[in-house]
file input.csv (CSV, C-alpha atoms)
chain,number,residue,atom,x,y,z
A,1,MET,CA,319.7,101.2,119.8
A,2,VAL,CA,323.3,100.1,119.7
A,3,PRO,CA,323.9,97.4,122.4
A,4,ARG,CA,326.2,98.5,125.2
A,5,PRO,CA,329.6,96.8,125.5
A,6,ILE,CA,329.8,93.7,127.6
A,7,LYS,CA,331.0,94.4,131.1
A,8,THR,CA,328.9,92.3,133.4
A,9,ILE,CA,328.7,88.6,132.8
A,10,ALA,CA,326.5,86.0,134.6
A,11,ILE,CA,328.3,82.7,134.3
A,12,ILE,CA,325.7,79.8,134.5
A,13,GLY,CA,327.5,76.8,135.8
A,14,ALA,CA,330.3,76.6,138.4
A,15,GLY,CA,332.0,73.4,137.3
A,16,ASN,CA,335.3,73.2,135.5
A,17,GLY,CA,334.4,75.5,132.6
A,18,GLY,CA,332.5,78.0,134.7
A,19,CYS,CA,335.3,78.4,137.3
A,20,ALA,CA,338.0,78.7,134.5
A,21,ALA,CA,335.9,81.4,132.8
A,22,ALA,CA,335.3,83.2,136.1
A,23,ALA,CA,339.0,83.2,136.9
A,24,GLN,CA,340.2,84.4,133.4
A,25,LEU,CA,337.4,87.0,132.9
A,26,THR,CA,337.8,88.4,136.4
A,27,GLN,CA,341.6,88.6,135.8
A,28,ARG,CA,340.8,90.6,132.6
A,29,GLY,CA,338.5,93.1,134.4
A,30,PHE,CA,335.0,91.9,133.8
A,31,ASP,CA,332.3,92.0,136.5
A,32,ILE,CA,331.5,88.3,137.1
A,33,ARG,CA,328.5,86.7,138.8
A,34,LEU,CA,328.8,82.9,139.3
A,35,TYR,CA,325.7,80.7,139.5
A,36,SER,CA,325.2,77.0,140.1
A,37,ARG,CA,322.1,75.0,140.9
A,38,SER,CA,324.1,73.0,143.5
A,39,ARG,CA,324.9,74.4,146.9
A,40,THR,CA,327.6,71.7,147.2
A,41,THR,CA,329.3,73.3,144.2
A,42,THR,CA,329.0,76.9,145.4
A,43,GLU,CA,329.7,76.5,149.1
A,44,PRO,CA,333.5,75.9,148.8
A,45,LEU,CA,333.7,78.9,146.4
A,46,SER,CA,331.6,81.1,148.7
A,47,ALA,CA,333.7,80.2,151.7
A,48,ILE,CA,336.8,81.8,150.1
A,49,GLY,CA,334.9,84.5,148.1
A,50,GLY,CA,336.1,83.4,144.7
A,51,VAL,CA,338.1,80.9,142.6
A,52,GLU,CA,341.7,79.9,143.1
A,53,TYR,CA,343.5,79.2,139.8
A,54,GLU,CA,346.8,77.7,138.5
A,55,GLY,CA,348.3,76.7,135.2
A,56,GLU,CA,348.3,78.8,132.1
A,57,LEU,CA,346.9,81.9,133.9
A,58,GLY,CA,349.7,81.7,136.5
A,59,GLU,CA,348.8,81.1,140.1
A,60,GLY,CA,346.4,83.4,141.9
A,61,PHE,CA,342.9,84.1,143.3
A,62,ALA,CA,340.0,85.6,141.4
A,63,PRO,CA,337.5,87.4,143.8
A,64,ILE,CA,333.9,87.0,142.7
A,65,LYS,CA,331.4,89.5,143.9
A,66,LEU,CA,328.4,87.3,143.7
A,67,ILE,CA,328.4,83.5,144.0
A,68,THR,CA,324.8,82.3,144.2
A,69,ASN,CA,322.2,79.6,143.7
A,70,ASP,CA,319.6,82.2,142.6
A,71,ALA,CA,319.6,82.4,138.8
A,72,GLY,CA,317.6,85.6,138.8
A,73,ALA,CA,320.1,87.4,141.0
A,74,ALA,CA,323.0,86.3,138.8
A,75,ILE,CA,321.3,87.3,135.6
A,76,ASP,CA,319.7,90.6,136.6
A,77,GLY,CA,321.4,93.4,134.7
A,78,ALA,CA,324.0,91.2,133.1
A,79,ASP,CA,325.1,92.1,129.6
A,80,LEU,CA,326.1,88.5,128.8
A,81,VAL,CA,324.5,85.3,130.2
A,82,LEU,CA,327.3,82.7,129.6
A,83,ILE,CA,326.2,79.1,130.0
A,84,THR,CA,329.2,76.8,130.8
A,85,ALA,CA,327.2,73.8,131.9
A,86,PRO,CA,327.8,70.4,130.2
A,87,THR,CA,325.5,69.7,127.2
A,88,HIS,CA,323.5,67.1,129.1
A,89,ALA,CA,322.4,69.9,131.5
A,90,HIS,CA,321.5,72.4,128.7
A,91,GLU,CA,317.7,71.7,128.8
A,92,ASP,CA,317.5,72.0,132.6
A,93,VAL,CA,319.7,75.1,132.6
A,94,ALA,CA,317.6,76.7,129.9
A,95,LEU,CA,314.4,76.1,132.0
A,96,ALA,CA,316.2,77.6,135.1
A,97,ILE,CA,317.2,80.9,133.3
A,98,ALA,CA,314.1,81.3,131.1
A,99,PRO,CA,312.1,83.4,133.6
A,100,HIS,CA,315.0,85.8,134.1
A,101,VAL,CA,316.4,86.5,130.6
A,102,ALA,CA,315.6,89.9,129.0
A,103,PRO,CA,315.5,90.5,125.3
A,104,GLU,CA,318.4,92.9,125.4
A,105,GLN,CA,320.7,90.4,127.1
A,106,LEU,CA,323.0,88.2,124.9
A,107,VAL,CA,322.8,84.5,125.8
A,108,MET,CA,325.8,82.4,124.9
A,109,ALA,CA,326.6,78.7,125.5
A,110,ALA,CA,330.2,77.6,125.7
A,111,PRO,CA,330.2,74.8,124.8
A,112,GLY,CA,327.1,74.9,122.7
A,113,HIS,CA,326.8,72.4,119.9
A,114,THR,CA,323.2,71.4,120.9
A,115,LEU,CA,321.8,73.3,117.9
A,116,LEU,CA,318.4,74.9,118.9
A,117,LEU,CA,317.9,73.0,122.2
A,118,ILE,CA,318.6,76.0,124.5
A,119,PRO,CA,316.8,78.7,122.5
A,120,SER,CA,313.8,76.4,121.8
A,121,THR,CA,313.6,75.4,125.5
A,122,ILE,CA,313.8,79.0,126.7
A,123,ARG,CA,311.0,80.2,124.3
A,124,ARG,CA,308.8,77.2,125.0
A,125,ALA,CA,309.0,78.1,128.7
A,126,GLY,CA,307.9,81.7,128.0
A,127,GLY,CA,311.4,83.2,128.2
A,128,LYS,CA,312.0,86.5,126.4
A,129,LEU,CA,315.1,85.5,124.5
A,130,GLY,CA,316.7,88.0,122.2
A,131,THR,CA,319.9,86.8,120.4
A,132,TYR,CA,321.5,83.5,121.1
A,133,CYS,CA,325.0,82.4,120.3
A,134,ASP,CA,327.4,79.5,121.0
A,135,SER,CA,330.9,78.2,120.6
A,136,SER,CA,332.0,74.8,119.6
A,137,SER,CA,333.8,74.0,122.8
A,138,LEU,CA,334.9,75.2,126.2
A,139,PRO,CA,337.4,78.0,125.9
A,140,PHE,CA,339.9,76.0,128.0
A,141,ILE,CA,341.3,72.6,128.8
A,142,CYS,CA,340.8,72.6,132.6
A,143,ARG,CA,340.1,70.5,135.6
A,144,LYS,CA,339.3,71.3,139.2
A,145,SER,CA,342.1,70.1,141.5
A,146,THR,CA,340.0,71.0,144.6
A,147,PRO,CA,336.3,72.2,144.9
A,148,SER,CA,337.5,75.8,144.8
A,149,ARG,CA,340.7,75.6,142.7
A,150,ILE,CA,340.8,75.3,138.9
A,151,ARG,CA,343.9,74.2,136.9
A,152,ILE,CA,343.9,75.6,133.3
A,153,THR,CA,346.4,73.7,131.1
A,154,ARG,CA,345.5,75.4,127.8
A,155,ALA,CA,343.3,78.1,126.4
A,156,ALA,CA,341.7,77.3,123.0
A,157,GLN,CA,343.4,79.3,120.2
A,158,ILE,CA,340.2,79.1,118.1
A,159,LEU,CA,336.6,79.0,119.2
A,160,TYR,CA,334.2,78.4,116.3
A,161,PHE,CA,331.3,80.7,116.9
A,162,ALA,CA,327.7,81.0,115.6
A,163,ALA,CA,324.6,83.0,116.3
A,164,LEU,CA,320.8,82.6,116.0
A,165,PRO,CA,319.8,84.2,113.7
A,166,GLY,CA,322.8,83.3,111.6
A,167,ASN,CA,322.4,86.5,109.5
A,168,GLN,CA,323.3,88.5,112.6
A,169,ILE,CA,326.7,86.9,113.1
A,170,ASP,CA,328.8,90.0,112.3
A,171,ALA,CA,327.1,92.2,114.9
A,172,VAL,CA,327.2,89.4,117.5
A,173,THR,CA,330.8,88.7,116.9
A,174,GLU,CA,331.7,92.4,117.4
A,175,ARG,CA,330.0,92.2,120.8
A,176,VAL,CA,331.6,89.0,122.0
A,177,ARG,CA,335.1,89.3,120.7
A,178,PRO,CA,336.3,91.6,123.6
A,179,VAL,CA,335.3,88.7,125.9
A,180,PHE,CA,336.7,85.8,123.8
A,181,PRO,CA,339.2,87.3,121.3
A,182,GLN,CA,339.7,83.8,119.7
A,183,ILE,CA,336.2,83.4,118.3
A,184,GLN,CA,336.0,82.6,114.6
A,185,PRO,CA,332.5,83.4,113.2
A,186,THR,CA,330.7,80.8,111.2
A,187,PRO,CA,327.4,81.0,109.2
A,188,SER,CA,325.1,79.0,111.5
A,189,LEU,CA,324.8,76.9,114.6
A,190,LEU,CA,325.4,73.8,112.5
A,191,HIS,CA,329.0,74.9,112.2
A,192,THR,CA,329.5,74.7,116.0
A,193,VAL,CA,327.9,71.2,116.2
A,194,PHE,CA,330.4,69.3,114.1
A,195,PRO,CA,333.7,70.6,115.8
A,196,TYR,CA,332.5,68.8,119.0
A,197,THR,CA,335.3,66.3,118.7
A,198,ASN,CA,334.9,65.0,122.3
A,199,ALA,CA,332.1,62.8,120.9
A,200,ILE,CA,334.6,61.3,118.5
A,201,HIS,CA,337.4,60.3,120.8
A,202,HIS,CA,336.0,60.0,124.4
A,203,PRO,CA,333.5,57.2,123.9
A,204,PRO,CA,335.7,54.8,121.9
A,205,ALA,CA,338.7,55.4,124.2
A,206,LEU,CA,336.6,54.7,127.3
A,207,LEU,CA,334.8,51.7,125.8
A,208,LEU,CA,337.9,49.9,124.5
A,209,ASN,CA,339.5,50.3,127.9
A,210,VAL,CA,336.5,49.5,130.0
A,211,GLY,CA,338.1,46.5,131.7
A,212,ARG,CA,341.1,48.6,132.6
A,213,VAL,CA,338.9,51.4,134.0
A,214,GLU,CA,337.0,49.0,136.2
A,215,SER,CA,340.0,47.0,137.4
A,216,THR,CA,342.2,50.0,138.2
A,217,ASN,CA,339.6,52.7,139.0
A,218,GLY,CA,341.1,54.7,136.1
A,219,ASP,CA,344.7,54.6,137.2
A,220,TYR,CA,346.3,55.4,133.9
A,221,ASN,CA,346.6,58.4,131.6
A,222,HIS,CA,343.4,58.4,129.5
A,223,TYR,CA,344.7,59.9,126.3
A,224,TYR,CA,348.3,58.9,126.3
A,225,ASP,CA,348.0,55.3,127.6
A,226,GLY,CA,344.4,54.6,126.6
A,227,ILE,CA,344.6,55.7,122.9
A,228,THR,CA,346.7,53.0,121.3
A,229,PRO,CA,347.0,52.5,117.5
A,230,SER,CA,344.0,50.1,117.5
A,231,VAL,CA,341.8,52.5,119.6
A,232,GLY,CA,342.9,55.3,117.3
A,233,ARG,CA,341.6,53.5,114.3
A,234,LEU,CA,338.1,53.5,115.7
A,235,ILE,CA,338.4,57.2,116.5
A,236,ASP,CA,339.6,57.8,112.9
A,237,ALA,CA,336.5,55.9,111.5
A,238,LEU,CA,334.1,58.0,113.6
A,239,ASP,CA,335.9,61.1,112.5
A,240,ALA,CA,335.5,60.2,108.9
A,241,GLU,CA,331.7,59.9,109.5
A,242,ARG,CA,331.6,63.3,111.3
A,243,VAL,CA,333.3,65.0,108.3
A,244,ALA,CA,331.0,63.2,105.8
A,245,VAL,CA,327.8,64.2,107.7
A,246,ALA,CA,328.9,67.8,107.9
A,247,ALA,CA,329.7,67.9,104.2
A,248,GLY,CA,326.2,66.5,103.5
A,249,LEU,CA,324.8,69.6,105.2
A,250,GLY,CA,327.1,72.0,103.5
A,251,VAL,CA,329.5,72.4,106.4
A,252,LYS,CA,333.2,72.0,105.8
A,253,ILE,CA,335.2,70.9,108.8
A,254,GLU,CA,338.7,69.7,109.5
A,255,PRO,CA,339.6,66.1,110.5
A,256,VAL,CA,340.8,65.7,114.1
A,257,PRO,CA,344.6,66.0,113.3
A,258,GLN,CA,344.3,69.4,111.6
A,259,PHE,CA,341.6,70.7,114.0
A,260,PHE,CA,343.6,69.8,117.1
A,261,PHE,CA,346.7,71.5,115.7
A,262,ARG,CA,344.8,74.7,115.0
A,263,MET,CA,343.3,74.6,118.5
A,264,GLY,CA,346.8,74.3,120.0
A,265,TYR,CA,346.1,70.8,121.4
A,266,THR,CA,348.7,68.9,119.4
A,267,ASN,CA,351.9,69.7,117.7
A,268,ALA,CA,353.1,69.5,114.1
A,269,ALA,CA,354.0,65.8,114.5
A,270,GLY,CA,350.5,65.1,115.7
A,271,ARG,CA,349.0,66.9,112.7
A,272,ASP,CA,351.3,65.4,110.1
A,273,GLY,CA,351.0,61.9,111.4
A,274,GLY,CA,347.3,62.1,110.3
A,275,THR,CA,345.8,59.7,112.9
A,276,ALA,CA,344.2,60.0,116.3
A,277,TYR,CA,347.0,58.0,117.8
A,278,ASP,CA,349.5,60.5,116.5
A,279,VAL,CA,347.4,63.4,117.7
A,280,PHE,CA,347.1,62.3,121.3
A,281,HIS,CA,350.6,61.0,121.6
A,282,ASN,CA,351.8,64.5,120.7
A,283,SER,CA,349.3,66.4,122.9
A,284,GLU,CA,351.1,67.9,125.8
A,285,PRO,CA,348.0,69.6,127.3
A,286,ASN,CA,346.3,66.2,127.6
A,287,ARG,CA,349.4,64.1,128.4
A,288,TRP,CA,348.8,63.6,132.1
A,289,ILE,CA,345.0,63.6,132.4
A,290,LYS,CA,343.9,60.6,134.3
A,291,ALA,CA,341.2,58.2,133.0
A,292,PRO,CA,337.7,58.3,134.7
A,293,ALA,CA,337.5,56.1,137.8
A,294,THR,CA,334.2,54.6,136.5
A,295,ILE,CA,332.3,54.4,133.2
A,296,ASP,CA,329.5,56.3,134.8
A,297,HIS,CA,331.1,59.4,133.4
A,298,ARG,CA,330.5,62.3,131.0
A,299,PHE,CA,332.8,60.6,128.4
A,300,LEU,CA,329.8,58.3,127.9
A,301,ASN,CA,326.9,60.0,129.6
A,302,GLU,CA,327.4,63.3,127.7
A,303,ASP,CA,329.4,62.5,124.6
A,304,VAL,CA,327.3,59.6,123.4
A,305,PRO,CA,323.8,61.0,123.7
A,306,TYR,CA,324.7,64.7,123.0
A,307,GLY,CA,327.5,64.0,120.5
A,308,LEU,CA,327.3,60.7,118.6
A,309,VAL,CA,323.5,60.6,118.6
A,310,ALA,CA,323.4,64.1,117.2
A,311,ILE,CA,325.8,63.1,114.4
A,312,ALA,CA,323.7,60.1,113.6
A,313,GLU,CA,320.5,62.1,113.6
A,314,LEU,CA,322.0,64.8,111.4
A,315,GLY,CA,323.3,62.0,109.1
A,316,ARG,CA,319.8,60.8,108.6
A,317,LEU,CA,318.7,64.4,107.8
A,318,ALA,CA,321.5,64.7,105.2
A,319,GLY,CA,321.1,61.1,103.8
A,320,VAL,CA,324.6,60.1,105.0
A,321,ALA,CA,325.0,56.7,106.6
A,322,THR,CA,326.8,56.5,110.0
A,323,PRO,CA,327.3,52.8,110.7
A,324,CYS,CA,330.3,53.3,113.0
A,325,ALA,CA,328.5,55.9,115.2
A,326,ASP,CA,325.5,53.7,115.3
A,327,ALA,CA,327.6,50.8,116.5
A,328,VAL,CA,329.3,52.8,119.2
A,329,ILE,CA,326.0,54.2,120.4
A,330,THR,CA,324.6,50.6,120.6
A,331,VAL,CA,327.6,49.1,122.4
A,332,ALA,CA,327.9,52.0,124.8
A,333,SER,CA,324.2,51.7,125.7
A,334,ILE,CA,324.6,48.0,126.5
A,335,VAL,CA,327.8,48.5,128.5
A,336,ALA,CA,326.4,51.4,130.5
A,337,GLY,CA,322.9,50.0,130.9
A,338,ARG,CA,321.3,53.2,129.5
A,339,SER,CA,319.4,54.0,126.3
A,340,TYR,CA,321.6,56.7,125.0
A,341,ARG,CA,319.7,57.0,121.8
A,342,ASP,CA,316.4,57.6,123.5
A,343,GLN,CA,318.0,60.0,126.0
A,344,GLY,CA,320.0,61.8,123.3
A,345,LEU,CA,319.9,64.8,121.1
A,346,THR,CA,317.3,63.8,118.5
A,347,ARG,CA,316.3,66.0,115.7
A,348,GLU,CA,313.1,66.9,117.7
A,349,ARG,CA,315.2,68.0,120.7
A,350,MET,CA,317.6,69.9,118.4
A,351,GLY,CA,314.6,71.9,117.3
A,352,ILE,CA,314.5,70.8,113.7
A,353,GLY,CA,312.0,67.9,114.0
A,354,ASP,CA,311.1,66.4,110.6
A,355,MET,CA,312.2,69.5,108.6
A,356,SER,CA,313.9,69.1,105.3
A,357,VAL,CA,317.5,70.2,104.9
A,358,ALA,CA,316.4,73.4,103.2
A,359,GLU,CA,313.9,74.2,105.9
A,360,ALA,CA,316.4,73.6,108.7
A,361,LEU,CA,319.1,75.8,107.0
A,362,ASP,CA,316.6,78.6,106.5
A,363,LEU,CA,315.5,78.5,110.2
A,364,LEU,CA,319.1,78.7,111.3
A,365,LYS,CA,319.8,81.6,109.0
A,366,THR,CA,316.7,83.7,109.8
A,367,GLY,CA,315.5,82.4,113.1
A,368,ARG,CA,312.1,82.0,111.6
A,369,THR,CA,310.1,78.8,110.6
A,370,GLY,CA,308.1,78.8,107.4
A,371,GLU,CA,305.0,79.3,109.5
A,372,THR,CA,306.0,82.6,111.1

call {"tool": "encode", "arguments": {"input": "input.csv", "output": "structure tokens"}}
result
Amino acid sequence: MVPRPIKTIAIIGAGNGGCAAAAQLTQRGFDIRLYSRSRTTTEPLSAIGGVEYEGELGEGFAPIKLITNDAGAAIDGADLVLITAPTHAHEDVALAIAPHVAPEQLVMAAPGHTLLLIPSTIRRAGGKLGTYCDSSSLPFICRKSTPSRIRITRAAQILYFAALPGNQIDAVTERVRPVFPQIQPTPSLLHTVFPYTNAIHHPPALLLNVGRVESTNGDYNHYYDGITPSVGRLIDALDAERVAVAAGLGVKIEPVPQFFFRMGYTNAAGRDGGTAYDVFHNSEPNRWIKAPATIDHRFLNEDVPYGLVAIAELGRLAGVATPCADAVITVASIVAGRSYRDQGLTRERMGIGDMSVAEALDLLKTGRTGET
């Protein structure tokens, strides 16, 4: 049976990414249902019946037919279940949707980059998952300016895209491209893990400005003011490890300067300068974004355990040392008073446990373990 075209989309998560997706996809004619676990999040949206938006989409209002805290109501009959929750919420979200997902529905995480965490959690919970896919990042640079209003400063020009099983990527790409035309198919979910560059630049920029954050409540521009040449050198070192670990697993990725230019997040001067400092001092979409008011923020709480820990764990799988990532994980854990490594995306939680490289790659390609 040929899958029907995607018309109805259940967006799981009504934060920055979910509201941006709801606004853009409603504007483009899709039937959107918007779900959040939090009534505090949905009530301002329900009060006006949708999402206000500004920025790259223009200024307007996207009416949403269903805004709900009932996952089953949102998912029932949807062609695409689109998870836009942050990565640290992926496991909880997977548990929430597991009882409601049908095999014929396509489940997509944007951002994904948690490897097999979502599909493994859904299946362990008894969910009837068919095909799963994800993208390397949110489709937008966006922030809520009020609880019901989203400002989109830039849409990603490229979304690296992968499916499970990886050998179904062509068919899945054909289904999803009408929703996100900028997707670029890749061979496996590993290829959407490594472009998660937030893990490379958020933690060092926050850690090396921790005194400034706590003394000013983040009253400076995080990227433009906070990423100085010295901070940039730490980002560059982390980026070199990310590229090396990816190569050790057969994944070719671009360093941050080239990647950000291709995404439309920096200009030619940022690319050609070749350093993180050049990238962010030539990044107009990020220019005026304020720093967090506290270090109790996703720049550490998400990007260390679900980014740097994953890179370090995959480095051990590939036999590639990650001393810089290990150091940042350790210092961030001390500063934040959390055990990010224990809380993070270990190989077990990524669904590859103590597999060899060959076993992990075969699982990602076929969706089957050697025991099935």

call {"tool": "residues_around", "arguments": {"input": "input.csv", "residues": "Ile122 of chain A", "least_positions_apart": "3", "cutoff": "6 Å", "atoms": "all atoms listed in the file", "output": "ChimeraX atom specification"}}
result
/A:94,98,119,125,127

call {"tool": "write_last_selection", "arguments": {"input": "input.csv", "atoms": "C-alpha atoms", "output": "tab-separated table (two decimals), in the frame of the given file"}}
result
chain	number	residue	atom	x	y	z
A	94	ALA	CA	317.60	76.70	129.90
A	98	ALA	CA	314.10	81.30	131.10
A	119	PRO	CA	316.80	78.70	122.50
A	125	ALA	CA	309.00	78.10	128.70
A	127	GLY	CA	311.40	83.20	128.20

call {"tool": "residues_around", "arguments": {"input": "input.csv", "residues": "Ile118 of chain A", "least_positions_apart": "5", "cutoff": "10 Å", "atoms": "only C-alpha atoms", "output": "PyMOL selection string"}}
result
chain A and resi 83+87+90-95+98+107-109+112+123-124+132-133+349-351

call {"tool": "closest_residue", "arguments": {"input": "input.csv", "among": "A:Val172, A:Leu159, A:Ile150, A:Val304", "to": "Pro5 of chain A", "atoms": "all atoms listed in the file"}}
result
A:Val172

call {"tool": "closest_residue", "arguments": {"input": "input.csv", "among": "A:Ala78, A:Ile67, A:Ala156, A:Ala23", "to": "Ala102 of chain A", "atoms": "all atoms listed in the file"}}
result
A:Ala78

call {"tool": "atom_distance", "arguments": {"input": "input.csv", "atom1": "atom CA of Ala73 of chain A", "atom2": "atom CA of Arg143 of chain A"}}
result
26.7 Å

call {"tool": "closest_atom_pairs", "arguments": {"input": "input.csv", "of": "segment 176-267 of chain A", "to": "segment 310-330 of chain A", "cutoff": "7 Å", "atoms": "only C-alpha atoms", "output": "Markdown table"}}
result
| residue | atom | partner | partner_atom | distance |
| --- | --- | --- | --- | --- |
| A:Ala237 | CA | A:Cys324 | CA | 6.9 |
| A:Leu238 | CA | A:Cys324 | CA | 6.1 |
| A:Glu241 | CA | A:Thr322 | CA | 6.0 |
| A:Arg242 | CA | A:Ile311 | CA | 6.6 |
| A:Val245 | CA | A:Gly315 | CA | 5.2 |
| A:Gly248 | CA | A:Ala318 | CA | 5.3 |
| A:Leu249 | CA | A:Ala318 | CA | 5.9 |
